Amino acid sequence: MRILCTNDDGIHAPGLKVVEQIARELSDDVWVVAPELDQSGVSHSLSLNDPLRLREVGPRHFAVRGTPTDCVIMGARHILGAKLPDLVLSGVNKGRNVAEDVVYSGTIAGALEGTILGLPSFALSQEFTLETREKPLWDTALRFGPSILRKVIDAGVPKETVINVNFPACAPDQVAGVRVTRQGKRNLGFLKVDERRDGRGNPYFWIGFERLAKVDVPAEGTDLWALASRYVSVTPLRLDRTDEAFSAALTSTLK
């Protein structure tokens, strides 16, 4: 099995080494194509107005000055030659990708691009806490990642589906188990725009986050609930985003 690994944290991110270790539990034919720079939050951006610079950083390891989407396309359509990858792994992201994160995440986008290309694809993310922010518990992803991948691959990944896997912020022995979940929804009232001034007095802005006075209790069965309960969350996400129920209602309205 030929495996293509990418991420959005960049070619030198610790989580990229982790996803490569997970891949090598499944195959010896592993290729790494990742962004030259951190691309967190770029979603499914595709570089159409700028050239892509490619740099070989080691045997079967390449850096692309572009987005995770660019990396998967470059890997599958150029670097790997005539033999396409059999599997795309994106991650392991430093930080979870759940709820609305799936819209913004470059990690999810890398896996989605693999799905668009017709390849079984997984997004892998390691949750951290304030205490583990600087040293995420990568051993949790290493312990559970390979077996989850094997089982899902054996079951068969539908053509239009990407598998979003999130590992809880606890040691492997503290993990309660694995749960198949649905995408959750969090309170986005904590988003804020932070205005500052540069040395010349000109304004500039950061999009940031405020600490909530009250933390919402996530709905049971969601990805948010699973991580809060120390389960590994496995969420199948569909490429087709059509709202079938509203589409039927709208058809009657617009006759």
# chains A, B, ... in the order shown; residues from 1 in each chain; ligands from 1

$ residues_around --residues "Asn166 (chain A)" --least-positions-apart "2" --cutoff "12 Å" --atoms "only C-alpha atoms" --output "tab-separated table (two decimals) with C-alpha atoms, in the first residue's frame"
chain	number	residue	atom	x	y	z
A	90	SER	CA	-3.42	14.34	6.85
A	91	GLY	CA	-2.05	15.33	10.27
A	92	VAL	CA	-1.39	14.63	13.00
A	93	ASN	CA	-2.64	18.14	13.71
A	94	LYS	CA	-1.57	19.89	16.91
A	95	GLY	CA	-5.02	20.56	18.30
A	96	ARG	CA	-8.41	19.03	17.68
A	97	ASN	CA	-10.49	19.50	14.53
A	98	VAL	CA	-14.11	19.13	15.58
A	99	ALA	CA	-17.44	20.94	15.21
A	101	ASP	CA	-13.26	23.49	12.84
A	102	VAL	CA	-13.88	21.19	9.90
A	107	THR	CA	-5.82	19.30	8.00
A	108	ILE	CA	-9.37	18.34	7.04
A	122	PHE	CA	-8.14	10.33	6.91
A	123	ALA	CA	-7.65	13.53	8.90
A	124	LEU	CA	-5.90	12.92	12.23
A	125	SER	CA	-5.75	15.44	15.10
A	126	GLN	CA	-4.38	15.35	18.67
A	127	GLU	CA	-6.29	17.43	21.19
A	128	PHE	CA	-4.30	19.34	23.82
A	138	TRP	CA	1.34	12.25	20.76
A	140	THR	CA	-2.21	8.63	22.27
A	141	ALA	CA	-2.36	9.11	18.50
A	144	PHE	CA	-4.73	4.16	18.64
A	145	GLY	CA	-4.12	5.49	15.13
A	148	ILE	CA	-8.36	2.48	13.80
A	163	ILE	CA	-12.73	10.05	8.00
A	164	ASN	CA	-12.03	12.65	10.70
A	168	PRO	CA	-8.38	13.04	23.34
A	169	ALA	CA	-5.94	15.06	25.44
A	170	CYS	CA	-5.05	12.27	27.84
A	175	VAL	CA	-8.57	6.68	26.89
A	178	VAL	CA	-13.36	4.70	20.47
A	179	ARG	CA	-16.68	6.20	19.40
A	180	VAL	CA	-18.15	6.88	15.98
A	181	THR	CA	-19.56	10.40	16.26
A	183	GLN	CA	-20.08	16.69	13.88
A	222	THR	CA	-20.91	14.43	18.97
A	223	ASP	CA	-17.18	14.78	18.42
A	224	LEU	CA	-17.06	17.41	21.18
A	225	TRP	CA	-18.75	15.04	23.63
A	226	ALA	CA	-16.42	12.17	22.76
A	227	LEU	CA	-13.24	14.16	23.47
A	228	ALA	CA	-14.70	15.59	26.67
A	230	ARG	CA	-11.89	10.84	26.76
A	231	TYR	CA	-12.96	8.80	23.74
A	232	VAL	CA	-11.23	8.79	20.39
A	233	SER	CA	-13.71	10.45	18.03
A	234	VAL	CA	-14.17	8.99	14.52
A	235	THR	CA	-16.46	11.12	12.35
A	236	PRO	CA	-17.29	10.26	8.73

$ select_by_dssp --residues "region 13-85 of chain A" --states "helix (DSSP H, G or I)" --output "list in words"
Pro14, Gly15, Leu16, Lys17, Val18, Val19, Glu20, Gln21, Ile22, Ala23, Arg24, Pro68, Thr69, Asp70, Cys71, Val72, Ile73, Met74, Gly75, Ala76, Arg77, His78 and Ile79 of chain A

$ closest_residue --among "A:His61, A:Lys83, A:Arg238, A:His78" --to "Glu20 (chain A)" --atoms "only C-alpha atoms"
A:His61

$ residues_around --residues "Leu142 (chain A)" --least-positions-apart "3" --cutoff "8 Å" --atoms "only C-alpha atoms" --output "number ranges by chain"
A: 18, 21-22, 138-139, 145-146

$ write_last_selection --atoms "N, CA, C and O atoms" --output "PDB file, in the first residue's frame"
ATOM      1  N   VAL A  18       4.716  12.092  13.574  1.00  0.00           N
ATOM      2  CA  VAL A  18       3.806  11.128  14.189  1.00  0.00           C
ATOM      3  C   VAL A  18       2.957  10.432  13.134  1.00  0.00           C
ATOM      4  O   VAL A  18       2.792   9.207  13.157  1.00  0.00           O
ATOM      5  N   GLN A  21       4.976   7.905  11.378  1.00  0.00           N
ATOM      6  CA  GLN A  21       5.126   6.686  12.173  1.00  0.00           C
ATOM      7  C   GLN A  21       3.880   5.818  12.076  1.00  0.00           C
ATOM      8  O   GLN A  21       3.970   4.589  11.962  1.00  0.00           O
ATOM      9  N   ILE A  22       2.719   6.448  12.127  1.00  0.00           N
ATOM     10  CA  ILE A  22       1.466   5.697  11.996  1.00  0.00           C
ATOM     11  C   ILE A  22       1.397   5.031  10.625  1.00  0.00           C
ATOM     12  O   ILE A  22       1.033   3.857  10.501  1.00  0.00           O
ATOM     13  N   TRP A 138       1.315  12.934  22.053  1.00  0.00           N
ATOM     14  CA  TRP A 138       1.343  12.247  20.761  1.00  0.00           C
ATOM     15  C   TRP A 138       1.238  10.734  20.902  1.00  0.00           C
ATOM     16  O   TRP A 138       0.787  10.046  19.968  1.00  0.00           O
ATOM     17  N   ASP A 139       1.645  10.194  22.042  1.00  0.00           N
ATOM     18  CA  ASP A 139       1.585   8.742  22.238  1.00  0.00           C
ATOM     19  C   ASP A 139       0.161   8.207  22.103  1.00  0.00           C
ATOM     20  O   ASP A 139      -0.049   7.046  21.747  1.00  0.00           O
ATOM     21  N   GLY A 145      -4.002   5.191  16.553  1.00  0.00           N
ATOM     22  CA  GLY A 145      -4.116   5.489  15.134  1.00  0.00           C
ATOM     23  C   GLY A 145      -4.038   4.285  14.215  1.00  0.00           C
ATOM     24  O   GLY A 145      -4.953   4.055  13.388  1.00  0.00           O
ATOM     25  N   PRO A 146      -2.991   3.471  14.302  1.00  0.00           N
ATOM     26  CA  PRO A 146      -2.855   2.360  13.351  1.00  0.00           C
ATOM     27  C   PRO A 146      -4.023   1.378  13.367  1.00  0.00           C
ATOM     28  O   PRO A 146      -4.507   0.969  12.303  1.00  0.00           O
TER      29      PRO A 146
END

$ atom_distance --atom1 "CA of Glu244 (chain A)" --atom2 "CA of Thr161 (chain A)"
16.6 Å

$ closest_residue --among "A:Val217, A:Ala171, A:Ala23, A:Ile11" --to "Leu54 (chain A)" --atoms "only C-alpha atoms"
A:Ile11

$ atom_distance --atom1 "CA of Ala13 (chain A)" --atom2 "CA of Pro136 (chain A)"
12.0 Å

$ atom_distance --atom1 "CA of Lys17 (chain A)" --atom2 "CA of Gly118 (chain A)"
25.0 Å

$ residues_around --residues "Arg53 (chain A)" --least-positions-apart "5" --cutoff "9 Å" --atoms "only C-alpha atoms" --output "ChimeraX atom specification"
/A:36,63-66

$ select_by_dssp --residues "region 10-254 of chain A" --states "strand (DSSP E)" --output "JSON, numbers by chain"
{"A": [29, 30, 31, 32, 33, 34, 35, 54, 55, 56, 57, 58, 61, 62, 63, 64, 87, 88, 89, 90, 91, 92, 93, 94, 121, 122, 123, 124, 125, 126, 161, 162, 163, 164, 165, 166, 167, 177, 178, 179, 180, 191, 192, 193, 194, 195, 196, 197, 203, 204, 205, 206, 207, 208, 209, 231, 232, 233, 234, 235, 236, 237, 238]}

$ residues_around --residues "Leu48 (chain A)" --least-positions-apart "3" --cutoff "12 Å" --atoms "only C-alpha atoms" --output "list of chain:residue names"
A:Ser45, A:Pro51, A:Leu52, A:Gly66, A:Thr67, A:Thr69, A:Asp70

$ write_last_selection --atoms "N, CA and C atoms" --output "compact mmCIF listing (two decimals), in the first residue's frame"
# COMPACT_ATOMS: atom_id res chain seq x y z
N SER A 45 -8.03 25.95 0.50
CA SER A 45 -7.45 26.90 -0.46
C SER A 45 -6.60 26.18 -1.49
N PRO A 51 2.90 30.62 -8.19
CA PRO A 51 3.57 29.36 -8.54
C PRO A 51 3.87 28.55 -7.29
N LEU A 52 3.94 27.25 -7.45
CA LEU A 52 4.28 26.36 -6.33
C LEU A 52 5.77 26.03 -6.39
N GLY A 66 3.00 26.09 -0.47
CA GLY A 66 1.59 26.17 -0.83
C GLY A 66 0.74 25.62 0.30
N THR A 67 -0.49 25.29 -0.01
CA THR A 67 -1.47 24.85 0.97
C THR A 67 -1.50 23.32 1.06
N THR A 69 -3.96 21.45 0.30
CA THR A 69 -4.59 21.01 -0.95
C THR A 69 -3.56 20.93 -2.07
N ASP A 70 -2.73 21.97 -2.18
CA ASP A 70 -1.66 21.96 -3.18
C ASP A 70 -0.75 20.75 -2.99

$ closest_residue --among "A:Ser147, A:Asn7, A:Ser105, A:Ser27" --to "His44 (chain A)" --atoms "only C-alpha atoms"
A:Ser105

$ residues_around --residues "Arg60 (chain A)" --least-positions-apart "5" --cutoff "9 Å" --atoms "only C-alpha atoms" --output "MDAnalysis selection string"
chainID A and resid 30:33 79:80

$ write_last_selection --atoms "C-alpha atoms" --output "PDB file, in the first residue's frame"
ATOM      1  CA  VAL A  30       5.342   6.099   2.623  1.00  0.00           C
ATOM      2  CA  TRP A  31       5.699   9.544   1.035  1.00  0.00           C
ATOM      3  CA  VAL A  32       5.562  12.908   2.802  1.00  0.00           C
ATOM      4  CA  VAL A  33       4.509  16.089   0.974  1.00  0.00           C
ATOM      5  CA  ILE A  79       5.804  13.632  -7.240  1.00  0.00           C
ATOM      6  CA  LEU A  80       4.637  10.016  -6.982  1.00  0.00           C
TER       7      LEU A  80
END

$ decode --residues "region 48-70 of chain A" --atoms "N, CA, C and O atoms" --output "mmCIF file, in the first residue's frame"
data_model
loop_
_atom_site.group_PDB
_atom_site.id
_atom_site.type_symbol
_atom_site.label_atom_id
_atom_site.label_comp_id
_atom_site.auth_asym_id
_atom_site.auth_seq_id
_atom_site.Cartn_x
_atom_site.Cartn_y
_atom_site.Cartn_z
ATOM 1 N N LEU A 48 -3.883 29.288 -7.213
ATOM 2 C CA LEU A 48 -4.079 29.451 -8.648
ATOM 3 C C LEU A 48 -3.344 30.672 -9.198
ATOM 4 O O LEU A 48 -3.103 30.754 -10.398
ATOM 5 N N ASN A 49 -3.021 31.621 -8.327
ATOM 6 C CA ASN A 49 -2.388 32.860 -8.774
ATOM 7 C C ASN A 49 -0.914 32.956 -8.419
ATOM 8 O O ASN A 49 -0.256 33.948 -8.754
ATOM 9 N N ASP A 50 -0.394 31.945 -7.734
ATOM 10 C CA ASP A 50 1.012 31.932 -7.361
ATOM 11 C C ASP A 50 1.638 30.601 -7.765
ATOM 12 O O ASP A 50 0.988 29.553 -7.683
ATOM 13 N N PRO A 51 2.902 30.619 -8.194
ATOM 14 C CA PRO A 51 3.566 29.362 -8.538
ATOM 15 C C PRO A 51 3.868 28.554 -7.287
ATOM 16 O O PRO A 51 4.010 29.112 -6.193
ATOM 17 N N LEU A 52 3.940 27.247 -7.446
ATOM 18 C CA LEU A 52 4.279 26.364 -6.331
ATOM 19 C C LEU A 52 5.770 26.029 -6.390
ATOM 20 O O LEU A 52 6.264 25.542 -7.409
ATOM 21 N N ARG A 53 6.477 26.291 -5.297
ATOM 22 C CA ARG A 53 7.888 25.954 -5.202
ATOM 23 C C ARG A 53 8.022 24.625 -4.480
ATOM 24 O O ARG A 53 7.427 24.423 -3.416
ATOM 25 N N LEU A 54 8.800 23.716 -5.058
ATOM 26 C CA LEU A 54 8.959 22.369 -4.504
ATOM 27 C C LEU A 54 10.400 22.168 -4.055
ATOM 28 O O LEU A 54 11.334 22.495 -4.780
ATOM 29 N N ARG A 55 10.549 21.637 -2.830
ATOM 30 C CA ARG A 55 11.893 21.396 -2.294
ATOM 31 C C ARG A 55 11.945 19.995 -1.699
ATOM 32 O O ARG A 55 11.105 19.632 -0.870
ATOM 33 N N GLU A 56 12.939 19.218 -2.118
ATOM 34 C CA GLU A 56 13.129 17.886 -1.547
ATOM 35 C C GLU A 56 13.963 18.021 -0.284
ATOM 36 O O GLU A 56 15.095 18.495 -0.317
ATOM 37 N N VAL A 57 13.391 17.615 0.841
ATOM 38 C CA VAL A 57 14.081 17.761 2.123
ATOM 39 C C VAL A 57 14.709 16.454 2.591
ATOM 40 O O VAL A 57 15.427 16.418 3.588
ATOM 41 N N GLY A 58 14.432 15.372 1.887
ATOM 42 C CA GLY A 58 14.979 14.061 2.220
ATOM 43 C C GLY A 58 14.356 13.027 1.309
ATOM 44 O O GLY A 58 13.459 13.336 0.512
ATOM 45 N N PRO A 59 14.811 11.780 1.393
ATOM 46 C CA PRO A 59 14.227 10.726 0.561
ATOM 47 C C PRO A 59 12.722 10.596 0.798
ATOM 48 O O PRO A 59 12.274 10.410 1.932
ATOM 49 N N ARG A 60 11.935 10.776 -0.261
ATOM 50 C CA ARG A 60 10.473 10.699 -0.204
ATOM 51 C C ARG A 60 9.858 11.742 0.728
ATOM 52 O O ARG A 60 8.725 11.573 1.195
ATOM 53 N N HIS A 61 10.558 12.829 0.990
ATOM 54 C CA HIS A 61 10.060 13.926 1.818
ATOM 55 C C HIS A 61 10.192 15.231 1.035
ATOM 56 O O HIS A 61 11.305 15.609 0.646
ATOM 57 N N PHE A 62 9.059 15.914 0.823
ATOM 58 C CA PHE A 62 9.047 17.113 0.000
ATOM 59 C C PHE A 62 8.280 18.233 0.697
ATOM 60 O O PHE A 62 7.271 17.986 1.365
ATOM 61 N N ALA A 63 8.779 19.458 0.532
ATOM 62 C CA ALA A 63 8.098 20.645 1.030
ATOM 63 C C ALA A 63 7.579 21.444 -0.153
ATOM 64 O O ALA A 63 8.288 21.635 -1.146
ATOM 65 N N VAL A 64 6.335 21.894 -0.053
ATOM 66 C CA VAL A 64 5.708 22.703 -1.092
ATOM 67 C C VAL A 64 5.361 24.056 -0.500
ATOM 68 O O VAL A 64 4.763 24.134 0.579
ATOM 69 N N ARG A 65 5.741 25.122 -1.193
ATOM 70 C CA ARG A 65 5.350 26.456 -0.730
ATOM 71 C C ARG A 65 3.916 26.694 -1.204
ATOM 72 O O ARG A 65 3.667 27.376 -2.197
ATOM 73 N N GLY A 66 3.001 26.094 -0.473
ATOM 74 C CA GLY A 66 1.592 26.170 -0.835
ATOM 75 C C GLY A 66 0.739 25.625 0.296
ATOM 76 O O GLY A 66 1.193 25.465 1.432
ATOM 77 N N THR A 67 -0.492 25.294 -0.013
ATOM 78 C CA THR A 67 -1.471 24.846 0.970
ATOM 79 C C THR A 67 -1.496 23.320 1.056
ATOM 80 O O THR A 67 -0.919 22.628 0.203
ATOM 81 N N PRO A 68 -2.188 22.762 2.052
ATOM 82 C CA PRO A 68 -2.337 21.298 2.103
ATOM 83 C C PRO A 68 -2.995 20.727 0.845
ATOM 84 O O PRO A 68 -2.613 19.654 0.374
ATOM 85 N N THR A 69 -3.961 21.449 0.296
ATOM 86 C CA THR A 69 -4.592 21.015 -0.952
ATOM 87 C C THR A 69 -3.562 20.930 -2.071
ATOM 88 O O THR A 69 -3.509 19.947 -2.830
ATOM 89 N N ASP A 70 -2.732 21.968 -2.175
ATOM 90 C CA ASP A 70 -1.663 21.959 -3.178
ATOM 91 C C ASP A 70 -0.753 20.748 -2.990
ATOM 92 O O ASP A 70 -0.326 20.116 -3.962
#
